[in-house]
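Quick notes on the structure that follows.
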Amino acid sequence: MVMTGKRGDTRVDAATSGADPSLEDANMADAPWWELSGYQRHAACLVAAREGDRQALDALVHDLSPLVWHVARAQGIERTQAEDVVQTVWLTLLRNLNSVAEPRALARWLITTTRREALRVVRSVENEQPLVDEVLDRLRAQDGLPEQEALQRDRNTALWKAFRQLSQRCQELLRLTVLAGRAEYNVVAETLSMPRGSIGPTRSRCLTTLRGALNNETEGGSS
Amino acid sequence: MNPPGGPTGPGRAGEGLSALGLSPEDTELLNELGDLLVLADPMPPDLVARIQFALELENPEFIEIAQRSPAAQLAGVRSQAGPSTMTFTVEDLTVMVSIAPAAGGHRFDGWLVPSGPHTIEVRVEGFDSQTTDADDGGRFVLTNVPLGCTQLLVHLAVPEGQRPRTVVTPTIMR
């Protein structure tokens, strides 16, 4: 794999990625992609990738694959299936490099495409076999931990089980909310704000349900 | 902040959540959920490298992306030893491939439906591509494919003058 110095020293900076876009745009034409951050960097990378800049495409994959991963997993598909979905999304971008929306809307395009691909997998597995919860397996697989870590494991297991009891819609909304709350993925907040007014109350109901399920999971156990 | 070169999952950061007008309890529960997702459900660490490899394609505007059939997908990933079979489809082509350990690598036995004089290319990271043509029945064999991150391509035979068609898979092995 080709690694470059450029990619390593230009991580998305939380302090600037949320700044006023109109102010940032003034600098965009002048700065090369590796000096940019946030959605500006992604837009510049896409433009450069269209012109054959291999490192710019690799940088996009590096920066935005975790987002694609979590959006895919939010649809309820298995980890192995999500690996294929993430690859399919990037291959789709590669094929449509010159026709994909406007560069500034790349994150939204990725989220939309990922959901569509993941839902296609959901439909194709629905009558095939029950999904195996790999995360639960991973959480439970840690035996012989010190007491403090064992307590944390039990708490994590309970929270995961409670989370997985939620409706698919709630699971997705809470996953995306968590992503949106993390500085690297402010782009998700934009997607979440689409149907104004309905997100907040739905999220509150999902959290209430999650808390109730978590209480059921931890009842009789340690607090 | 994640250290440079470290995991690229979402790092813990409360400021985005606080803008949502949630109660402190809800914010804390979401933060806890976020930490759990980072801990228990991270993107596989080698996935970025596999994607970057899978995207190193010539004439990408002509690719068609094959979907792995779900049953074979789980079976293929789970069985580490012994032959595994996987099936990929695009609109008008199905690719089945059975992969078995062989000296120093893998043996690929494959089958294209419907058959045609198509060319199969196996890309393995760090090695030259291997190609072979499918026979009249759509079968193809590659006896010694080296180990590594692997992707299958099928270059479809198209009539003279028509645009090329290349079916590509996600990476099928690490």
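Note on naming: chains are A, B, ... as they come in the structure tokens, residues start from 1 per chain, ligands start from 1 in the order shown.
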_Distance query Glu78 (chain A) at most 9 Å, only C-alpha atoms, self and fewer than 5 positions along chain excluded, as a VMD selection string_ = chain A and resid 73 83 131 to 134
For the residues in the current selection, export N, CA and C atoms as an mmCIF file, in the first residue's frame.
data_model
loop_
_atom_site.group_PDB
_atom_site.id
_atom_site.type_symbol
_atom_site.label_atom_id
_atom_site.label_comp_id
_atom_site.auth_asym_id
_atom_site.auth_seq_id
_atom_site.Cartn_x
_atom_site.Cartn_y
_atom_site.Cartn_z
ATOM 1 N N ARG A 73 -23.298 -0.252 9.278
ATOM 2 C CA ARG A 73 -23.633 -1.059 10.444
ATOM 3 C C ARG A 73 -24.935 -0.600 11.094
ATOM 4 N N GLU A 83 -18.354 -4.948 5.515
ATOM 5 C CA GLU A 83 -17.066 -4.810 4.817
ATOM 6 C C GLU A 83 -17.280 -4.762 3.309
ATOM 7 N N LEU A 131 -29.327 -13.337 11.497
ATOM 8 C CA LEU A 131 -28.014 -12.717 11.641
ATOM 9 C C LEU A 131 -27.373 -13.152 12.958
ATOM 10 N N VAL A 132 -26.083 -13.304 12.926
ATOM 11 C CA VAL A 132 -25.326 -13.620 14.131
ATOM 12 C C VAL A 132 -24.803 -12.305 14.698
ATOM 13 N N ASP A 133 -24.959 -12.123 16.003
ATOM 14 C CA ASP A 133 -24.492 -10.859 16.575
ATOM 15 C C ASP A 133 -23.018 -10.968 16.950
ATOM 16 N N GLU A 134 -22.184 -10.560 16.009
ATOM 17 C CA GLU A 134 -20.741 -10.711 16.216
ATOM 18 C C GLU A 134 -20.218 -9.830 17.344
#
*How would you write, as a PyMOL selection string, the set of residues in region 55-147 of chain B that DSSP gives as strand (DSSP E)?*
chain B and resi 63-65+67-68+84-90+93-102+105-113+119-124+130-133+139-146
Can those selected residues be exported to a file as a compact mmCIF listing (two decimals), in the first residue's frame so that it contains C-alpha atoms?
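Printed below is result08.txt as written:
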# COMPACT_ATOMS: atom_id res chain seq x y z
CA ILE B 63 -16.66 -1.41 -14.10
CA GLU B 64 -19.74 -3.24 -12.89
CA ILE B 65 -19.74 -4.09 -9.20
CA GLN B 67 -22.66 -8.39 -5.18
CA ARG B 68 -21.69 -11.29 -2.97
CA SER B 84 -14.63 -22.07 0.53
CA THR B 85 -17.11 -21.17 -2.15
CA MET B 86 -18.46 -17.76 -2.88
CA THR B 87 -20.90 -16.43 -5.42
CA PHE B 88 -21.05 -12.98 -6.94
CA THR B 89 -23.67 -11.58 -9.25
CA VAL B 90 -24.23 -8.60 -11.46
CA LEU B 93 -23.62 -12.69 -14.90
CA THR B 94 -23.01 -15.01 -11.96
CA VAL B 95 -19.49 -15.87 -10.83
CA MET B 96 -18.96 -18.84 -8.55
CA VAL B 97 -15.50 -19.50 -7.24
CA SER B 98 -14.22 -22.22 -4.97
CA ILE B 99 -10.94 -21.51 -3.27
CA ALA B 100 -8.75 -24.22 -1.78
CA PRO B 101 -5.32 -24.13 -0.17
CA ALA B 102 -2.55 -25.12 -2.54
CA GLY B 105 -1.14 -20.12 -2.15
CA HIS B 106 -4.63 -20.98 -3.34
CA ARG B 107 -6.25 -22.88 -6.16
CA PHE B 108 -9.24 -21.12 -7.72
CA ASP B 109 -11.91 -23.21 -9.44
CA GLY B 110 -14.55 -21.00 -10.98
CA TRP B 111 -17.65 -21.02 -13.08
CA LEU B 112 -19.31 -18.24 -15.03
CA VAL B 113 -23.04 -18.33 -15.85
CA THR B 119 -11.22 -13.39 -19.35
CA ILE B 120 -10.80 -13.78 -15.59
CA GLU B 121 -8.19 -11.72 -13.82
CA VAL B 122 -7.08 -12.31 -10.24
CA ARG B 123 -5.35 -9.38 -8.59
CA VAL B 124 -3.24 -10.07 -5.50
CA GLN B 130 -2.94 -13.65 -13.22
CA THR B 131 -5.40 -14.11 -16.05
CA THR B 132 -7.10 -17.05 -17.67
CA ASP B 133 -9.95 -17.56 -20.13
CA ARG B 139 -15.23 -22.91 -16.19
CA PHE B 140 -11.86 -21.51 -15.25
CA VAL B 141 -8.95 -22.66 -13.08
CA LEU B 142 -5.99 -20.87 -11.58
CA THR B 143 -3.79 -23.37 -9.82
CA ASN B 144 -1.45 -21.18 -7.81
CA VAL B 145 -2.71 -17.80 -6.68
CA PRO B 146 -0.40 -16.22 -4.11
*Enumerate the residues of region 53-138 of chain A with a DSSP assignment of helix (DSSP H, G or I), computed from the backbone, and present them as a PyMOL selection string.*
chain A and resi 54-73+79-95+103-125+134-138
*Tell me the residues of chain A close to chain B, meaning within 8 Å using only C-alpha atoms, as number ranges by chain.*
A: 1, 8-9, 11, 58, 61-63, 65-66, 69-70, 80-81, 83-84, 87-88, 90-92, 94-96, 121, 124-125, 128-129, 135, 138-139, 156, 159-160, 174-175, 177-186, 200, 207
Write the residues you've just listed into a file as a short mmCIF file (atom, residue, chain, number, x, y, z; two decimals), in the first residue's frame, and include C-alpha atoms for each of them.
data_model
loop_
_atom_site.label_atom_id
_atom_site.label_comp_id
_atom_site.auth_asym_id
_atom_site.auth_seq_id
_atom_site.Cartn_x
_atom_site.Cartn_y
_atom_site.Cartn_z
CA MET A 1 0.00 0.00 0.00
CA GLY A 8 -0.53 11.35 7.66
CA ASP A 9 -0.06 14.93 8.72
CA ARG A 11 -5.94 14.93 10.00
CA ASP A 58 -6.69 7.30 -1.01
CA VAL A 61 -10.99 6.53 1.58
CA HIS A 62 -8.86 7.00 4.68
CA ASP A 63 -10.87 9.91 6.05
CA SER A 65 -14.44 5.02 5.46
CA PRO A 66 -15.19 4.98 9.21
CA TRP A 69 -18.70 1.77 8.07
CA HIS A 70 -20.89 3.08 10.87
CA THR A 80 -18.64 -9.11 7.24
CA GLN A 81 -21.50 -7.78 5.14
CA GLU A 83 -17.07 -4.81 4.82
CA ASP A 84 -18.46 -5.61 1.38
CA GLN A 87 -16.07 -1.52 -0.60
CA THR A 88 -19.07 -1.41 -2.91
CA TRP A 90 -16.19 3.24 -2.81
CA LEU A 91 -16.19 1.25 -6.06
CA THR A 92 -19.45 3.00 -6.96
CA LEU A 94 -14.84 5.38 -8.41
CA ARG A 95 -17.07 4.40 -11.31
CA ASN A 96 -19.05 7.63 -11.06
CA VAL A 121 -28.13 -6.63 1.70
CA SER A 124 -31.34 -10.28 0.35
CA VAL A 125 -30.61 -11.92 3.70
CA GLU A 128 -31.74 -16.62 4.18
CA GLN A 129 -30.72 -16.98 7.80
CA VAL A 135 -20.35 -7.75 18.54
CA ARG A 138 -16.75 -10.26 20.90
CA LEU A 139 -17.90 -8.61 24.11
CA ASN A 156 -21.06 -2.92 27.81
CA LEU A 159 -25.88 -1.73 26.89
CA TRP A 160 -25.26 -3.50 23.58
CA LEU A 174 -28.83 6.91 17.76
CA ARG A 175 -25.80 5.68 15.80
CA THR A 177 -26.49 10.99 16.48
CA VAL A 178 -23.38 9.60 18.13
CA LEU A 179 -21.44 10.04 14.88
CA ALA A 180 -22.73 13.57 14.46
CA GLY A 181 -21.64 14.38 17.99
CA ARG A 182 -18.07 13.40 17.28
CA ALA A 183 -16.08 16.20 15.81
CA GLU A 184 -14.76 14.33 12.78
CA TYR A 185 -18.23 13.65 11.47
CA ASN A 186 -20.07 16.94 11.63
CA GLY A 200 -35.67 15.45 18.37
CA LEU A 207 -33.30 7.07 24.41
#
*Determine, counting only C-alpha atoms, which protein, DNA and RNA residues have an atom within 9 Å of an atom of region 100-117 of chain A; residues of the same chain fewer than 6 positions away are not included. Present the result as a count of residues only.*
27
_One number please: CA of Ser204 (chain A) to CA of Thr218 (chain A), in Å, one decimal._
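Atom-to-atom, CA of Ser204 (chain A) to CA of Thr218 (chain A), that is 21.0 Å.
CA of Val122 (chain A) to CA of Ala82 (chain A) spans 10.6 Å [interatomic distance, one decimal].
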